[in-house]
>>> print(open('my_file_13.txt').read())   # compact mmCIF, C-alpha atoms and all ligand atoms
# COMPACT_ATOMS: atom_id res chain seq x y z
CA MET U 23 22.76 -66.77 -8.74
CA ALA U 24 19.05 -66.87 -9.45
CA THR U 25 16.51 -68.83 -7.42
CA THR U 26 14.72 -71.57 -9.35
CA ILE U 27 11.02 -71.69 -8.54
CA THR U 28 8.77 -74.50 -9.75
CA ILE U 29 5.04 -73.92 -9.88
CA THR U 30 2.83 -76.90 -10.59
CA GLY U 31 -0.59 -76.19 -12.05
CA ALA U 32 0.96 -73.00 -13.41
CA GLY U 33 -1.62 -72.84 -16.19
CA GLY U 34 -4.46 -72.60 -13.66
CA GLN U 35 -6.02 -69.71 -11.77
CA ILE U 36 -3.69 -69.53 -8.78
CA GLY U 37 -0.72 -70.08 -11.08
CA TYR U 38 -1.72 -67.01 -13.07
CA ALA U 39 -2.07 -64.97 -9.89
CA LEU U 40 1.37 -66.14 -8.67
CA LEU U 41 3.62 -65.86 -11.69
CA PHE U 42 3.63 -62.13 -12.29
CA ARG U 43 4.00 -61.19 -8.65
CA ILE U 44 6.94 -63.57 -8.26
CA ALA U 45 8.54 -62.18 -11.42
CA ALA U 46 8.08 -58.68 -10.00
CA GLY U 47 9.94 -59.60 -6.80
CA ALA U 48 7.04 -59.90 -4.36
CA MET U 49 8.27 -63.20 -2.99
CA LEU U 50 12.05 -62.90 -2.75
CA GLY U 51 12.58 -59.17 -2.89
CA PRO U 52 13.80 -56.68 -5.47
CA ASP U 53 17.38 -58.00 -5.64
CA GLU U 54 16.81 -61.72 -6.24
CA LYS U 55 16.66 -62.98 -9.81
CA VAL U 56 14.28 -65.84 -10.47
CA ARG U 57 14.00 -68.70 -12.92
CA LEU U 58 10.48 -70.03 -13.30
CA ARG U 59 9.60 -73.61 -14.14
CA LEU U 60 5.96 -74.12 -14.99
CA LEU U 61 4.89 -77.74 -14.56
CA GLU U 62 1.54 -78.77 -16.00
CA ILE U 63 -0.33 -81.79 -17.26
CA PRO U 64 -0.75 -81.98 -21.06
CA GLN U 65 -4.23 -80.38 -20.95
CA GLY U 66 -2.82 -77.40 -19.06
CA LEU U 67 0.26 -76.79 -21.19
CA LYS U 68 -1.29 -74.27 -23.59
CA SER U 69 -2.49 -72.12 -20.76
CA ALA U 70 0.94 -72.23 -19.09
CA GLU U 71 2.61 -71.45 -22.43
CA GLY U 72 0.32 -68.44 -22.79
CA ALA U 73 1.32 -67.24 -19.33
CA ALA U 74 4.98 -67.68 -20.32
CA LEU U 75 4.45 -65.45 -23.35
CA GLU U 76 2.91 -62.81 -21.13
CA LEU U 77 5.81 -63.11 -18.71
CA GLN U 78 8.12 -62.27 -21.63
CA ASP U 79 5.94 -59.28 -22.43
CA GLY U 80 6.20 -58.11 -18.82
CA ALA U 81 9.95 -57.58 -19.43
CA PHE U 82 10.62 -58.19 -15.74
CA ASP U 83 14.15 -57.20 -14.71
CA LEU U 84 14.33 -60.05 -12.20
CA LEU U 85 13.10 -62.81 -14.50
CA GLU U 86 15.99 -64.82 -15.89
CA SER U 87 14.10 -67.63 -17.63
CA VAL U 88 10.75 -69.39 -17.96
CA ASP U 89 10.37 -73.07 -18.88
CA VAL U 90 7.11 -74.85 -19.46
CA THR U 91 6.93 -78.62 -19.24
CA ASP U 92 4.73 -81.59 -18.43
CA ASP U 93 7.73 -83.64 -17.35
CA ALA U 94 8.18 -83.69 -13.56
CA ALA U 95 11.95 -84.40 -13.67
CA GLN U 96 12.44 -81.36 -15.87
CA GLY U 97 9.98 -79.26 -13.91
CA PHE U 98 11.73 -79.82 -10.58
CA ASP U 99 15.28 -79.77 -11.99
CA GLY U 100 17.41 -77.66 -9.65
CA SER U 101 14.33 -76.31 -7.92
CA ASN U 102 14.98 -74.24 -4.76
CA ILE U 103 11.33 -73.45 -4.16
CA ALA U 104 8.42 -75.61 -5.26
CA LEU U 105 4.84 -74.46 -5.02
CA LEU U 106 2.60 -77.47 -5.57
CA VAL U 107 -0.63 -75.87 -6.73
CA GLY U 108 -1.92 -78.33 -9.34
CA ALA U 109 -4.31 -80.86 -7.82
CA ARG U 110 -7.30 -82.89 -8.79
CA PRO U 111 -10.49 -81.03 -7.80
CA ARG U 112 -13.45 -82.91 -6.41
CA GLY U 113 -15.76 -83.85 -9.29
CA PRO U 114 -19.46 -84.77 -9.26
CA GLY U 115 -20.15 -87.95 -7.34
CA MET U 116 -16.58 -88.18 -6.09
CA GLU U 117 -16.21 -89.39 -2.51
CA ARG U 118 -13.51 -88.00 -0.19
CA ALA U 119 -11.58 -91.28 -0.55
CA ASP U 120 -11.64 -90.92 -4.36
CA LEU U 121 -10.27 -87.41 -4.02
CA LEU U 122 -7.52 -88.57 -1.67
CA ALA U 123 -6.59 -91.39 -4.03
CA ALA U 124 -6.51 -89.14 -7.10
CA ASN U 125 -4.29 -86.67 -5.30
CA ALA U 126 -2.03 -89.35 -3.86
CA GLY U 127 -1.45 -90.32 -7.50
CA ILE U 128 -0.19 -86.78 -8.15
CA PHE U 129 1.69 -85.89 -4.97
CA GLY U 130 3.45 -89.26 -4.56
CA PRO U 131 5.23 -89.06 -7.94
CA GLN U 132 5.89 -85.34 -7.48
CA GLY U 133 7.54 -86.01 -4.09
CA LYS U 134 9.70 -88.65 -5.76
CA ALA U 135 10.62 -86.29 -8.62
CA ILE U 136 11.54 -83.58 -6.09
CA ALA U 137 13.86 -86.03 -4.32
CA GLU U 138 15.49 -86.96 -7.62
CA SER U 139 15.76 -83.58 -9.34
CA ALA U 140 15.38 -80.63 -6.99
CA SER U 141 18.20 -78.72 -5.32
CA SER U 142 19.29 -80.03 -1.91
CA ASP U 143 17.92 -76.87 -0.27
CA VAL U 144 14.45 -77.24 -1.82
CA ARG U 145 11.49 -75.80 0.09
CA VAL U 146 8.11 -77.22 -0.87
CA THR U 147 4.73 -75.68 -0.17
CA VAL U 148 1.56 -77.53 -1.05
CA VAL U 149 -1.40 -75.36 -1.99
CA GLY U 150 -3.51 -77.94 -3.87
CA ASN U 151 -6.20 -79.51 -1.71
CA PRO U 152 -6.43 -81.48 0.49
CA ALA U 153 -3.23 -79.54 1.15
CA ASN U 154 -2.12 -81.09 4.46
CA THR U 155 -2.49 -84.68 3.36
CA ASN U 156 -1.05 -83.95 -0.08
CA ALA U 157 2.01 -82.52 1.67
CA LEU U 158 2.24 -85.61 3.86
CA ILE U 159 2.17 -87.84 0.76
CA ALA U 160 4.79 -85.75 -1.05
CA ALA U 161 7.07 -85.72 2.02
CA ALA U 162 6.70 -89.48 2.50
CA SER U 163 7.58 -90.08 -1.17
CA ALA U 164 10.67 -87.87 -1.20
CA ASP U 165 13.40 -90.22 -0.01
CA GLY U 166 16.37 -88.36 1.38
CA VAL U 167 14.69 -84.95 1.57
CA PRO U 168 14.19 -83.84 5.19
CA ALA U 169 10.53 -83.71 6.20
CA THR U 170 11.12 -80.14 7.38
CA ARG U 171 11.26 -79.10 3.71
CA PHE U 172 7.57 -79.90 3.16
CA THR U 173 4.80 -77.57 4.20
CA ALA U 174 1.09 -77.03 3.55
CA LEU U 175 -0.36 -73.56 3.12
CA THR U 176 -2.47 -72.32 6.04
CA ARG U 177 -1.33 -68.70 5.81
CA LEU U 178 -4.55 -67.89 3.96
CA ASP U 179 -6.52 -69.04 7.01
CA GLU U 180 -4.38 -66.86 9.25
CA ASN U 181 -4.84 -63.86 6.98
CA ARG U 182 -8.59 -64.44 6.93
CA ALA U 183 -8.64 -64.62 10.72
CA ARG U 184 -6.61 -61.42 11.10
CA ALA U 185 -8.85 -59.63 8.63
CA GLN U 186 -12.01 -60.68 10.48
CA LEU U 187 -10.56 -59.51 13.80
CA ALA U 188 -9.57 -56.18 12.25
CA LEU U 189 -13.14 -55.75 11.03
CA ALA U 190 -14.65 -56.67 14.38
CA LEU U 191 -12.33 -54.29 16.24
CA ASP U 192 -12.32 -51.54 13.62
CA ALA U 193 -8.53 -51.73 13.78
CA PRO U 194 -5.89 -51.80 11.04
CA VAL U 195 -5.14 -55.37 10.03
CA SER U 196 -1.40 -54.65 10.48
CA ASP U 197 -2.09 -54.22 14.22
CA ILE U 198 -3.41 -57.78 14.60
CA ARG U 199 -0.72 -60.25 15.63
CA GLN U 200 -0.23 -63.71 17.08
CA VAL U 201 -3.31 -65.37 15.63
CA ALA U 202 -2.67 -69.11 15.42
CA ILE U 203 -4.17 -71.64 13.03
CA TRP U 204 -4.11 -75.21 14.32
CA GLY U 205 -4.87 -78.42 12.42
CA ASN U 206 -6.16 -78.98 8.91
CA HIS U 207 -6.80 -76.50 6.08
CA SER U 208 -10.45 -77.45 6.22
CA ALA U 209 -13.61 -76.55 8.09
CA THR U 210 -12.27 -78.33 11.21
CA GLN U 211 -9.31 -75.94 11.60
CA PHE U 212 -9.01 -73.98 14.84
CA PRO U 213 -8.26 -70.28 14.42
CA ASP U 214 -7.01 -69.44 17.91
CA ILE U 215 -7.15 -65.87 19.21
CA THR U 216 -6.17 -66.67 22.80
CA HIS U 217 -2.79 -64.94 22.49
CA ALA U 218 -3.65 -62.52 19.71
CA THR U 219 -3.04 -58.82 20.18
CA ALA U 220 -4.40 -55.69 18.50
CA GLY U 221 -2.02 -52.76 18.74
CA GLY U 222 -0.34 -54.59 21.64
CA ARG U 223 -3.57 -55.13 23.59
CA PRO U 224 -5.04 -58.62 24.07
CA VAL U 225 -7.65 -59.14 21.37
CA ILE U 226 -9.95 -60.94 23.80
CA GLU U 227 -10.04 -57.88 26.06
CA ALA U 228 -10.64 -55.51 23.14
CA LEU U 229 -13.34 -57.77 21.71
CA ALA U 230 -15.24 -57.89 25.00
CA GLU U 231 -16.01 -54.17 24.58
CA ARG U 232 -17.35 -54.74 21.08
CA VAL U 233 -19.10 -58.12 21.00
CA GLY U 234 -19.89 -58.79 24.66
CA ASP U 235 -19.63 -62.55 25.06
CA VAL U 236 -16.31 -63.27 23.34
CA GLN U 237 -16.60 -67.05 23.72
CA ALA U 238 -20.01 -67.10 22.02
CA TRP U 239 -18.73 -64.75 19.29
CA GLN U 240 -15.79 -67.05 18.63
CA GLU U 241 -17.95 -70.16 18.45
CA GLN U 242 -20.90 -68.76 16.53
CA THR U 243 -19.37 -66.06 14.34
CA PHE U 244 -15.59 -65.94 14.10
CA ILE U 245 -14.55 -69.59 13.82
CA PRO U 246 -17.25 -70.60 11.30
CA ARG U 247 -16.54 -67.46 9.25
CA VAL U 248 -12.82 -68.20 9.00
CA ALA U 249 -13.02 -71.98 8.73
CA LYS U 250 -15.73 -71.85 6.04
CA ARG U 251 -14.40 -68.82 4.18
CA GLY U 252 -13.19 -71.00 1.30
CA ALA U 253 -16.75 -72.25 0.79
CA GLU U 254 -18.12 -68.70 1.09
CA ILE U 255 -15.75 -67.52 -1.65
CA ILE U 256 -16.77 -70.43 -3.89
CA ASP U 257 -20.42 -69.57 -3.28
CA VAL U 258 -20.04 -65.85 -4.03
CA ARG U 259 -17.39 -65.97 -6.79
CA GLY U 260 -18.42 -69.21 -8.41
CA SER U 261 -14.90 -70.64 -8.01
CA SER U 262 -12.39 -70.99 -5.23
CA SER U 263 -10.14 -68.26 -3.92
CA VAL U 264 -7.31 -67.31 -6.25
CA ALA U 265 -5.55 -63.99 -5.61
CA SER U 266 -5.78 -64.29 -1.82
CA ALA U 267 -4.41 -67.85 -2.00
CA ALA U 268 -1.54 -66.73 -4.24
CA ASN U 269 -0.82 -63.85 -1.89
CA ALA U 270 -0.71 -66.21 1.09
CA ALA U 271 1.64 -68.60 -0.74
CA ILE U 272 3.95 -65.68 -1.52
CA GLU U 273 3.93 -64.46 2.09
CA HIS U 274 4.48 -67.98 3.45
CA THR U 275 7.48 -68.56 1.18
CA ARG U 276 8.92 -65.10 1.78
CA ASP U 277 8.76 -65.63 5.53
CA TRP U 278 10.25 -69.12 5.28
CA VAL U 279 13.23 -67.82 3.31
CA ARG U 280 13.72 -64.47 5.03
CA GLY U 281 12.54 -65.18 8.58
CA THR U 282 9.89 -63.69 10.87
CA ASP U 283 10.00 -61.54 14.00
CA ASP U 284 6.62 -62.72 15.13
CA TRP U 285 4.28 -65.74 14.96
CA THR U 286 2.68 -66.90 11.81
CA SER U 287 1.03 -70.22 10.93
CA ALA U 288 2.10 -73.00 8.58
CA GLY U 289 1.24 -76.63 7.99
CA ILE U 290 4.41 -78.53 8.88
CA VAL U 291 5.31 -82.15 9.55
CA SER U 292 4.65 -82.75 13.24
CA ARG U 293 7.43 -83.96 15.48
CA GLY U 294 4.86 -84.63 18.18
CA GLU U 295 4.45 -81.01 19.32
CA TYR U 296 1.29 -80.32 21.34
CA GLY U 297 0.35 -84.00 21.15
CA VAL U 298 -0.10 -83.97 17.36
CA PRO U 299 0.96 -87.44 16.17
CA GLU U 300 4.39 -87.45 14.59
CA GLY U 301 4.38 -87.35 10.81
CA LEU U 302 0.99 -85.66 10.34
CA VAL U 303 1.08 -82.36 8.50
CA SER U 304 -0.73 -79.99 10.84
CA SER U 305 -0.89 -76.24 11.08
CA PHE U 306 0.87 -74.80 14.11
CA PRO U 307 1.84 -71.33 15.28
CA VAL U 308 5.41 -71.03 14.04
CA ARG U 309 8.34 -68.67 13.66
CA SER U 310 10.83 -68.82 10.83
CA VAL U 311 14.38 -68.79 12.17
CA ASP U 312 17.49 -69.31 10.02
CA GLY U 313 15.41 -70.68 7.18
CA GLU U 314 13.54 -73.26 9.29
CA TRP U 315 10.05 -73.25 10.75
CA GLN U 316 10.00 -73.60 14.52
CA VAL U 317 6.81 -74.34 16.41
CA VAL U 318 6.09 -71.70 19.06
CA GLU U 319 6.57 -73.54 22.32
CA GLY U 320 4.93 -73.23 25.71
CA ILE U 321 1.46 -72.12 24.64
CA GLU U 322 -1.12 -72.94 27.30
CA LEU U 323 -4.22 -74.56 25.83
CA SER U 324 -7.60 -74.49 27.56
CA ASP U 325 -9.71 -77.67 27.53
CA TRP U 326 -11.90 -76.02 24.90
CA ALA U 327 -8.94 -75.19 22.65
CA ARG U 328 -7.53 -78.69 23.15
CA GLY U 329 -10.86 -80.18 22.10
CA ARG U 330 -10.95 -78.03 18.96
CA ILE U 331 -7.41 -79.01 18.00
CA ASP U 332 -8.13 -82.69 18.67
CA THR U 333 -11.13 -82.59 16.32
CA SER U 334 -9.02 -81.30 13.47
CA ILE U 335 -6.19 -83.73 14.22
CA ARG U 336 -8.72 -86.58 14.15
CA GLU U 337 -9.68 -85.52 10.64
CA LEU U 338 -6.02 -85.43 9.55
CA THR U 339 -5.49 -88.88 11.05
CA GLU U 340 -8.52 -90.19 9.15
CA GLU U 341 -7.20 -88.71 5.89
CA ARG U 342 -3.79 -90.32 6.45
CA ASP U 343 -5.42 -93.66 7.31
CA ALA U 344 -7.59 -93.51 4.19
CA VAL U 345 -4.51 -92.97 2.00
CA ARG U 346 -2.72 -95.79 3.84
CA ALA U 347 -5.68 -98.10 3.34
CA LEU U 348 -5.41 -97.46 -0.39
CA GLY U 349 -1.80 -98.63 -0.19
CA MET U 350 -0.60 -95.20 -1.30
CA LEU U 351 1.47 -94.34 1.75
P1 LIG E 401 -7.28 -74.53 -11.38
O1 LIG E 401 -8.17 -75.68 -11.74
O2 LIG E 401 -7.53 -73.19 -11.98
O3 LIG E 401 -5.78 -74.91 -11.75
C1 LIG E 401 -5.22 -76.13 -11.42
C2 LIG E 401 -4.17 -76.44 -12.48
O4 LIG E 401 -3.46 -77.58 -12.05
C3 LIG E 401 -4.77 -76.76 -13.85
O5 LIG E 401 -4.16 -75.94 -14.84
C4 LIG E 401 -4.41 -78.23 -14.06
O6 LIG E 401 -4.14 -78.55 -15.42
C5 LIG E 401 -3.17 -78.36 -13.20
N1 LIG E 401 -2.85 -79.73 -12.74
C6 LIG E 401 -3.70 -80.71 -12.37
N2 LIG E 401 -3.01 -81.82 -12.06
C7 LIG E 401 -1.70 -81.51 -12.20
C8 LIG E 401 -0.50 -82.24 -12.05
N3 LIG E 401 -0.51 -83.54 -11.71
N4 LIG E 401 0.68 -81.63 -12.29
C9 LIG E 401 0.72 -80.33 -12.67
N5 LIG E 401 -0.41 -79.59 -12.86
C10 LIG E 401 -1.59 -80.18 -12.63
O7 LIG E 401 -7.28 -74.46 -9.79
P2 LIG E 401 -6.77 -73.27 -8.86
O8 LIG E 401 -7.89 -72.34 -8.60
O9 LIG E 401 -5.50 -72.74 -9.37
O10 LIG E 401 -6.56 -74.07 -7.48
C11 LIG E 401 -5.53 -75.02 -7.36
C12 LIG E 401 -5.64 -75.79 -6.05
O11 LIG E 401 -5.44 -74.92 -4.94
C13 LIG E 401 -6.99 -76.46 -5.80
O12 LIG E 401 -6.74 -77.75 -5.27
C14 LIG E 401 -7.63 -75.58 -4.73
O13 LIG E 401 -8.57 -76.30 -3.96
C15 LIG E 401 -6.42 -75.22 -3.92
N6 LIG E 401 -6.54 -74.06 -3.03
C16 LIG E 401 -5.86 -74.11 -1.86
C17 LIG E 401 -5.89 -73.04 -0.99
C18 LIG E 401 -5.13 -73.06 0.30
O14 LIG E 401 -5.19 -72.09 1.06
N7 LIG E 401 -4.38 -74.11 0.64
C19 LIG E 401 -6.64 -71.91 -1.32
C20 LIG E 401 -7.31 -71.87 -2.53
C21 LIG E 401 -7.25 -72.97 -3.39
C1 LIG E 402 -9.87 -71.98 0.23
O1 LIG E 402 -9.58 -72.06 1.42
O2 LIG E 402 -10.24 -70.93 -0.33
C2 LIG E 402 -9.80 -73.24 -0.60
O3 LIG E 402 -9.00 -74.18 0.01
C3 LIG E 402 -11.20 -73.73 -0.79
C4 LIG E 402 -11.29 -74.88 -1.76
O4 LIG E 402 -11.95 -75.85 -1.39
O5 LIG E 402 -10.74 -74.79 -2.87
>>> encode(input="my_file_13.txt", output="structure tokens")
Amino acid sequence: MATTITITGAGGQIGYALLFRIAAGAMLGPDEKVRLRLLEIPQGLKSAEGAALELQDGAFDLLESVDVTDDAAQGFDGSNIALLVGARPRGPGMERADLLAANAGIFGPQGKAIAESASSDVRVTVVGNPANTNALIAAASADGVPATRFTALTRLDENRARAQLALALDAPVSDIRQVAIWGNHSATQFPDITHATAGGRPVIEALAERVGDVQAWQEQTFIPRVAKRGAEIIDVRGSSSVASAANAAIEHTRDWVRGTDDWTSAGIVSRGEYGVPEGLVSSFPVRSVDGEWQVVEGIELSDWARGRIDTSIRELTEERDAVRALGML
């Protein structure tokens, strides 16, 4: 049996960076056949159709079929994995509330279509921004689908944080573990290194030898660098991150399906863990066990860390309230 994977916005940049890696087995491994469903809006169909032609030309052993559609029911039909990438970008003069409303108009109907058409084991990951609140809207619109099946991508933030620590410590990035991302995929997020290790040694201890005042380094260098990395990429590249975002979405999904030994981070629907109001989609340190994300329990939070998390949770609450005020939730 092949796994059916739906990618919305498949004709866009991240879609293009995802499709060929998935077809080559990067997400589900070298033994799992895949069926791809590329869901676009009419303006994006040609681009998705072009990608489908190139997928044919890749002659991928694992690729069983590719369908391109602008019909959500068809796009999510039998879907086991849905990567919701297509979103409305912020345009000139658009306020945050306008952006939330435009995206609620996309993610509400997509959540409904997932409930109606997808496989009962569907796993949904929202990449399109504002990812956390879009995931919340999709989850709230998907009657009958457990909230645990909806996630927002914050793995890119974790990867960015690990990479910055590796640079600061002159250590291989594979040595850096247990970095946690809390809160929103936005500039308010809290990349938390309190329990991080580098080659088994506490990162905070190792950093002290390199940067001196670790607290000041976190506040003035590390956190802004990670939390504003998306903006930095836009500034330098001229458009938002693509290959690194696709890579993170692949890693997130792979870990969700296949499990993790260690911590990672994902935006999941809160059940009240660490005081995050129930129902908000917040990033937490998580493990993937038996196909489900589990929040890492028992982490001690300093007052400073608590304050950082609360700031990001306040932003998520405001986003949810703005969507509610528009009558879209
Ligand atoms: P893009 O503009 O290149 O592609 C977006 C595609 O989505 C377009 O082809 C468009 O036609 C399609 N689309 C729009 N509305 C749709 C709908 N209702 N249904 C299906 N398709 C639809 O953008 P991109 O660079 O691929 O980025 C996509 C999104 O990912 C953006 O919102 C971006 O901000 C976000 N992003 C998130 C992260 C993260 O870590 N969570 C990282 C990078 C980018
Ligand atoms: C990123 O983190 O690179 C993106 O979410 C930035 C953006 O606003 O598209």
>>> atom_distance(input="my_file_13.txt", atom1="atom CA of U:Pro131", atom2="atom CA of U:Ile272")
24.3 Å
>>> atom_distance(input="my_file_13.txt", atom1="atom CA of U:Phe212", atom2="atom CA of U:Val264")
22.2 Å
>>> closest_residue(input="my_file_13.txt", among="U:Val149, U:Ala220, U:Ile331, U:Leu75", to="ligand LIG 402 (chain E)", atoms="all atoms listed in the file")
U:Val149
>>> residues_around(input="my_file_13.txt", residues="stretch 205-211 of chain U", least_positions_apart="3", cutoff="9 Å", atoms="all atoms listed in the file", output="VMD selection string")
chain U and resid 151 to 155 174 to 176 179 245 to 246 248 to 252 289 298 303 to 306 330 to 335 337 to 338
>>> write_last_selection(input="my_file_13.txt", atoms="C-alpha atoms", output="CSV table (one decimal), in the coordinates of the input")
chain,number,residue,atom,x,y,z
U,151,ASN,CA,-6.2,-79.5,-1.7
U,152,PRO,CA,-6.4,-81.5,0.5
U,153,ALA,CA,-3.2,-79.5,1.2
U,154,ASN,CA,-2.1,-81.1,4.5
U,155,THR,CA,-2.5,-84.7,3.4
U,174,ALA,CA,1.1,-77.0,3.6
U,175,LEU,CA,-0.4,-73.6,3.1
U,176,THR,CA,-2.5,-72.3,6.0
U,179,ASP,CA,-6.5,-69.0,7.0
U,245,ILE,CA,-14.6,-69.6,13.8
U,246,PRO,CA,-17.2,-70.6,11.3
U,248,VAL,CA,-12.8,-68.2,9.0
U,249,ALA,CA,-13.0,-72.0,8.7
U,250,LYS,CA,-15.7,-71.8,6.0
U,251,ARG,CA,-14.4,-68.8,4.2
U,252,GLY,CA,-13.2,-71.0,1.3
U,289,GLY,CA,1.2,-76.6,8.0
U,298,VAL,CA,-0.1,-84.0,17.4
U,303,VAL,CA,1.1,-82.4,8.5
U,304,SER,CA,-0.7,-80.0,10.8
U,305,SER,CA,-0.9,-76.2,11.1
U,306,PHE,CA,0.9,-74.8,14.1
U,330,ARG,CA,-11.0,-78.0,19.0
U,331,ILE,CA,-7.4,-79.0,18.0
U,332,ASP,CA,-8.1,-82.7,18.7
U,333,THR,CA,-11.1,-82.6,16.3
U,334,SER,CA,-9.0,-81.3,13.5
U,335,ILE,CA,-6.2,-83.7,14.2
U,337,GLU,CA,-9.7,-85.5,10.6
U,338,LEU,CA,-6.0,-85.4,9.6
>>> residues_around(input="my_file_13.txt", residues="U:Val201", least_positions_apart="3", cutoff="8 Å", atoms="only C-alpha atoms", output="ChimeraX atom specification")
/U:180,183-184,198,213-219,285-286,307
>>> closest_residue(input="my_file_13.txt", among="U:Ser292, U:Ser101, U:Gln65, U:Ser263", to="ligand LIG 402 (chain E)", atoms="all atoms listed in the file")
U:Ser263
>>> atom_distance(input="my_file_13.txt", atom1="atom C2 of ligand LIG 402 (chain E)", atom2="atom CA of U:Ala104")
19.0 Å
>>> residues_near_point(input="my_file_13.txt", point="(11.1, -81.9, -18.8)", cutoff="12 Å", atoms="only C-alpha atoms", output="ChimeraX atom specification")
/U:28,59-63,89-100,135,139
>>> closest_residue(input="my_file_13.txt", among="U:Ala238, U:Leu178, U:Ala157, U:Leu351", to="ligand LIG 402 (chain E)", atoms="only C-alpha atoms and all ligand atoms")
U:Leu178
>>> closest_residue(input="my_file_13.txt", among="U:Leu84, U:Met49, U:Leu41, U:Leu106", to="U:Arg280", atoms="all atoms listed in the file")
U:Met49
>>> residues_around(input="my_file_13.txt", residues="stretch 168-171 of chain U", least_positions_apart="3", cutoff="12 Å", atoms="only C-alpha atoms", output="VMD selection string")
chain U and resid 102 to 105 133 136 to 137 140 to 148 157 to 165 174 275 278 to 279 288 to 293 300 to 303 310 313 to 317
>>> axis_aligned_box(input="my_file_13.txt", around="ligand LIG 401 (chain E)", padding_each_side="5 Å", output="lines of an AutoDock Vina configuration file")
center_x = -3.9
center_y = -77.7
center_z = -7.2
size_x = 19.3
size_y = 21.7
size_z = 26.5
>>> closest_residue(input="my_file_13.txt", among="U:Glu138, U:Glu319, U:Glu341, U:Asp192", to="U:Glu231", atoms="all atoms listed in the file")
U:Asp192
>>> residues_around(input="my_file_13.txt", residues="U:Ala73", least_positions_apart="2", cutoff="10 Å", atoms="only C-alpha atoms", output="PyMOL selection string")
chain U and resi 32-34+37-38+41-42+60+67-71+75-79+88+90
>>> closest_residue(input="my_file_13.txt", among="U:Asp257, U:Glu117, U:Asp83, U:Asp325", to="ligand LIG 402 (chain E)", atoms="only C-alpha atoms and all ligand atoms")
U:Asp257
>>> decode(input="my_file_13.txt", residues="stretch 35-64 of chain U", atoms="C-alpha atoms", output="mmCIF file, in the first residue's frame")
data_model
loop_
_atom_site.group_PDB
_atom_site.id
_atom_site.type_symbol
_atom_site.label_atom_id
_atom_site.label_comp_id
_atom_site.auth_asym_id
_atom_site.auth_seq_id
_atom_site.Cartn_x
_atom_site.Cartn_y
_atom_site.Cartn_z
ATOM 1 C CA GLN U 35 8.355 27.555 -4.114
ATOM 2 C CA ILE U 36 8.192 25.276 -1.084
ATOM 3 C CA GLY U 37 6.033 22.848 -3.041
ATOM 4 C CA TYR U 38 8.753 22.561 -5.668
ATOM 5 C CA ALA U 39 11.376 21.964 -2.984
ATOM 6 C CA LEU U 40 9.201 19.271 -1.348
ATOM 7 C CA LEU U 41 7.915 17.185 -4.228
ATOM 8 C CA PHE U 42 11.112 15.672 -5.563
ATOM 9 C CA ARG U 43 12.552 14.857 -2.166
ATOM 10 C CA ILE U 44 9.327 13.132 -1.125
ATOM 11 C CA ALA U 45 9.264 11.186 -4.397
ATOM 12 C CA ALA U 46 12.863 10.144 -3.742
ATOM 13 C CA GLY U 47 11.958 8.731 -0.316
ATOM 14 C CA ALA U 48 13.369 11.437 1.956
ATOM 15 C CA MET U 49 10.210 11.617 4.031
ATOM 16 C CA LEU U 50 9.004 8.043 4.431
ATOM 17 C CA GLY U 51 12.092 6.041 3.580
ATOM 18 C CA PRO U 52 13.281 3.984 0.634
ATOM 19 C CA ASP U 53 10.627 1.261 0.950
ATOM 20 C CA GLU U 54 7.420 3.311 1.072
ATOM 21 C CA LYS U 55 5.617 4.051 -2.174
ATOM 22 C CA VAL U 56 3.891 7.410 -2.388
ATOM 23 C CA ARG U 57 0.938 8.893 -4.231
ATOM 24 C CA LEU U 58 1.099 12.655 -4.545
ATOM 25 C CA ARG U 59 -1.918 14.940 -4.708
ATOM 26 C CA LEU U 60 -1.072 18.497 -5.659
ATOM 27 C CA LEU U 61 -3.781 20.937 -4.575
ATOM 28 C CA GLU U 62 -3.649 24.451 -5.980
ATOM 29 C CA ILE U 63 -5.849 27.425 -6.718
ATOM 30 C CA PRO U 64 -6.632 27.986 -10.419
#
